[in-house]
>>> print(open('model-v8.txt').read())   # compact mmCIF, C-alpha atoms
# COMPACT_ATOMS: atom_id res chain seq x y z
CA MET A 1 7.73 -9.96 -18.10
CA ASP A 2 8.69 -13.55 -17.57
CA PHE A 3 7.31 -15.71 -14.76
CA LYS A 4 10.35 -15.18 -12.52
CA THR A 5 9.99 -11.39 -12.81
CA VAL A 6 6.26 -11.52 -12.09
CA LEU A 7 6.86 -13.71 -9.04
CA ALA A 8 9.64 -11.42 -7.76
CA THR A 9 7.37 -8.39 -8.31
CA PHE A 10 4.58 -10.04 -6.33
CA VAL A 11 7.03 -10.83 -3.51
CA ALA A 12 8.13 -7.17 -3.51
CA GLY A 13 4.48 -6.08 -3.40
CA GLY A 14 3.75 -8.45 -0.52
CA VAL A 15 6.70 -7.11 1.47
CA GLY A 16 5.58 -3.57 0.67
CA ALA A 17 2.02 -4.32 1.83
CA ILE A 18 3.33 -5.80 5.08
CA SER A 19 5.57 -2.73 5.56
CA MET A 20 2.57 -0.47 5.04
CA SER A 21 0.43 -2.50 7.43
CA LEU A 22 3.09 -2.34 10.13
CA ALA A 23 3.55 1.42 9.71
CA MET A 24 -0.17 2.11 9.81
CA GLY A 25 -0.66 -0.35 12.68
CA ALA A 26 2.00 1.50 14.67
CA ILE A 27 0.28 4.83 13.97
CA HIS A 28 -3.06 3.33 14.99
CA ALA A 29 -1.53 1.92 18.19
CA THR A 30 -0.30 5.36 19.24
CA GLY A 31 -3.84 6.71 19.05
CA TYR A 32 -2.78 9.47 16.63
CA ALA A 33 -5.27 8.35 13.98
CA ASN A 34 -7.79 5.62 13.25
CA ALA A 35 -5.38 3.93 10.85
CA ASP A 36 -6.80 0.40 11.17
CA MET A 37 -6.69 0.06 7.39
CA ILE A 38 -6.87 -3.72 7.24
CA ARG A 39 -10.14 -3.84 9.19
CA ALA A 40 -11.45 -0.84 7.25
CA LEU A 41 -10.82 -2.73 4.00
CA GLY A 42 -12.24 -5.99 5.32
CA SER A 43 -15.37 -4.38 6.70
CA LEU A 44 -16.09 -2.96 3.25
CA VAL A 45 -16.67 -6.60 2.26
CA THR A 46 -18.13 -8.06 5.45
CA ARG A 47 -20.10 -4.90 6.34
CA LYS A 48 -19.23 -5.57 9.99
CA TYR A 49 -16.16 -5.28 12.20
CA GLU A 50 -16.14 -8.90 13.37
CA GLY A 51 -14.35 -11.14 10.88
CA SER A 52 -13.06 -8.19 8.86
CA PHE A 53 -9.34 -8.66 9.58
CA GLY A 54 -8.86 -11.76 7.41
CA TRP A 55 -10.69 -10.28 4.44
CA GLY A 56 -8.83 -7.00 4.83
CA LEU A 57 -5.47 -8.73 4.98
CA VAL A 58 -6.17 -10.73 1.82
CA ILE A 59 -7.41 -7.64 -0.04
CA HIS A 60 -4.44 -5.60 1.10
CA LEU A 61 -1.85 -8.25 0.17
CA LEU A 62 -3.40 -8.80 -3.27
CA SER A 63 -3.62 -5.05 -3.87
CA GLY A 64 -0.01 -4.65 -2.78
CA MET A 65 1.08 -7.35 -5.20
CA LEU A 66 -0.79 -5.73 -8.10
CA PHE A 67 0.37 -2.19 -7.33
CA ALA A 68 3.95 -3.49 -7.32
CA ILE A 69 3.74 -3.96 -11.10
CA PRO A 70 3.77 -0.24 -11.99
CA TYR A 71 6.24 0.44 -9.18
CA ALA A 72 8.60 -2.21 -10.59
CA ALA A 73 8.17 -0.81 -14.09
CA VAL A 74 9.31 2.63 -12.94
CA LEU A 75 12.05 1.26 -10.67
CA GLY A 76 13.31 -1.01 -13.45
CA GLY A 77 13.61 2.00 -15.74
CA PHE A 78 16.75 3.19 -14.01
CA ALA A 79 19.79 1.25 -15.23
CA GLU A 80 22.28 2.22 -12.54
CA LYS A 81 20.84 2.10 -9.06
CA SER A 82 21.83 1.27 -5.54
CA LEU A 83 19.71 -0.16 -2.75
CA LEU A 84 19.38 3.35 -1.33
CA MET A 85 18.27 4.78 -4.69
CA SER A 86 15.75 1.98 -5.23
CA ALA A 87 14.29 2.35 -1.74
CA GLY A 88 14.29 6.16 -2.05
CA LEU A 89 12.60 6.13 -5.45
CA GLY A 90 10.10 3.59 -4.11
CA GLY A 91 9.41 5.90 -1.17
CA LEU A 92 8.90 8.83 -3.55
CA LEU A 93 6.45 6.77 -5.63
CA GLY A 94 4.73 5.83 -2.37
CA LEU A 95 4.45 9.50 -1.41
CA VAL A 96 2.65 10.32 -4.66
CA HIS A 97 0.51 7.18 -4.38
CA GLY A 98 -0.31 8.03 -0.76
CA LEU A 99 -1.34 11.59 -1.63
CA VAL A 100 -3.71 10.33 -4.33
CA MET A 101 -5.14 7.59 -2.11
CA SER A 102 -5.61 10.04 0.78
CA LEU A 103 -7.63 12.33 -1.45
CA ILE A 104 -9.76 9.39 -2.60
CA LEU A 105 -10.15 8.21 0.99
CA LEU A 106 -11.21 11.60 2.29
CA GLY A 107 -13.44 12.40 -0.67
CA VAL A 108 -15.16 9.12 -1.46
CA VAL A 109 -14.49 6.14 0.79
CA THR A 110 -15.34 7.62 4.17
CA GLU A 111 -18.78 8.83 3.18
CA ARG A 112 -19.69 5.44 1.70
CA HIS A 113 -18.12 3.14 4.29
CA PRO A 114 -20.68 0.88 6.01
CA MET A 115 -19.04 1.20 9.46
CA ASN A 116 -19.45 4.39 11.49
CA ARG A 117 -15.97 4.01 12.99
CA PHE A 118 -14.45 4.42 9.51
CA LYS A 119 -16.79 7.13 8.20
CA SER A 120 -14.81 10.03 9.61
CA ALA A 121 -11.32 10.49 8.31
CA GLY A 122 -9.52 13.74 8.90
CA PHE A 123 -6.06 15.08 8.35
CA GLU A 124 -4.52 12.52 10.74
CA VAL A 125 -5.90 9.56 8.77
CA ALA A 126 -4.65 11.11 5.52
CA ILE A 127 -1.17 11.52 7.04
CA ALA A 128 -1.25 7.91 8.25
CA HIS A 129 -2.06 6.72 4.72
CA ILE A 130 0.71 8.81 3.23
CA VAL A 131 3.22 7.41 5.75
CA GLY A 132 1.92 3.90 5.07
CA HIS A 133 2.30 4.31 1.31
CA VAL A 134 5.83 5.65 1.72
CA ALA A 135 6.64 2.53 3.77
CA TYR A 136 5.06 0.43 1.01
CA GLY A 137 7.21 2.11 -1.64
CA ILE A 138 10.40 1.72 0.37
CA GLY A 139 9.62 -1.97 0.89
CA VAL A 140 8.89 -2.54 -2.80
CA GLY A 141 11.97 -0.59 -3.86
CA ALA A 142 14.30 -2.44 -1.51
CA VAL A 143 12.99 -5.88 -2.46
CA ALA A 144 12.92 -5.01 -6.17
CA HIS A 145 16.59 -4.09 -5.88
CA ALA A 146 17.46 -7.20 -3.87
CA LEU A 147 15.68 -9.49 -6.33
CA THR A 148 17.01 -7.50 -9.31
CA ILE A 149 13.59 -7.09 -10.87
CA ASP A 150 13.97 -5.92 -14.45
CA CYS A 151 10.81 -5.12 -16.37
CA GLY A 152 12.77 -4.15 -19.47
CA LEU A 153 11.78 -0.48 -19.39
CA ARG A 154 14.73 1.93 -19.52
CA LEU A 155 14.33 5.59 -18.53
CA ALA A 156 17.93 6.63 -17.86
>>> encode(input="model-v8.txt", output="structure tokens")
Amino acid sequence: MDFKTVLATFVAGGVGAISMSLAMGAIHATGYANADMIRALGSLVTRKYEGSFGWGLVIHLLSGMLFAIPYAAVLGGFAEKSLLMSAGLGGLLGLVHGLVMSLILLGVVTERHPMNRFKSAGFEVAIAHIVGHVAYGIGVGAVAHALTIDCGLRLA
């Protein structure tokens, strides 16, 4: 990948991370689930709720940028694609990613989280993460299409 492709991929990942944050923030605001993922991430570092938002946002944006690399590799593997196909394939990748991350969250993260408010994660939190990851994938797919990210991999 050349520098321009890497930069475009990181932009796509940043947009995806923001999309995920907005989706999960909306779910959290409804009271359906404790989907305050940014503070949950930040408090893993700070070990307290106060001051956790900034750290969580940085971690989430950087993670989103890095996870965009494999997404872009898969998305770039399809020669003929429309915006709808790119966003749809991104959403499908996000669904798989969200399922895996939900299992990790429910099985590992909650029992080891330093904050009691994030120690219990049930079905609702898993669903919120899946929805958030689908939003991430759609965001990455749409931006990857718009910026014509081409990682050189061809699948079809």
>>> residues_near_point(input="model-v8.txt", point="(18.3, -0.6, -5.0)", cutoff="7 Å", atoms="only C-alpha atoms", output="list in words")
Lys81, Ser82, Leu83, Leu84, Met85, Ser86, Ala87, Gly141, Ala142, His145 and Ala146 of chain A
>>> residues_around(input="model-v8.txt", residues="A:Ile38", least_positions_apart="2", cutoff="9 Å", atoms="all atoms listed in the file", output="NGL selection string")
:A and (21 or 25 or 35-36 or 40-43 or 52-60)
>>> atom_distance(input="model-v8.txt", atom1="atom CA of A:Gly132", atom2="atom CA of A:Met24")
5.5 Å
>>> closest_residue(input="model-v8.txt", among="A:Leu44, A:Ile138, A:Leu147, A:Ala73", to="A:Arg112", atoms="all atoms listed in the file")
A:Leu44
>>> closest_residue(input="model-v8.txt", among="A:Ala68, A:Met37, A:Ala29, A:Val45", to="A:Gly139", atoms="all atoms listed in the file")
A:Ala68
>>> closest_residue(input="model-v8.txt", among="A:Ala33, A:Ile18, A:Ala121, A:Ile69", to="A:Val108", atoms="all atoms listed in the file")
A:Ala121
>>> closest_residue(input="model-v8.txt", among="A:Asn34, A:Phe67, A:Val100, A:Lys48", to="A:Gly122", atoms="only C-alpha atoms")
A:Asn34
>>> closest_residue(input="model-v8.txt", among="A:Gly31, A:Ala12, A:Leu89, A:Met20", to="A:Gly77", atoms="only C-alpha atoms")
A:Leu89
>>> atom_distance(input="model-v8.txt", atom1="atom CA of A:Met115", atom2="atom CA of A:Ser102")
18.3 Å
>>> atom_distance(input="model-v8.txt", atom1="atom CA of A:Leu75", atom2="atom CA of A:Leu99")
19.2 Å
>>> closest_residue(input="model-v8.txt", among="A:Ala135, A:Ile127, A:Val74, A:Ile149", to="A:Val11", atoms="all atoms listed in the file")
A:Ile149
>>> axis_aligned_box(input="model-v8.txt", around="stretch 15-18 of chain A", padding_each_side="4 Å", output="lines of an AutoDock Vina configuration file")
center_x = 4.4
center_y = -5.3
center_z = 2.9
size_x = 12.7
size_y = 11.5
size_z = 12.4
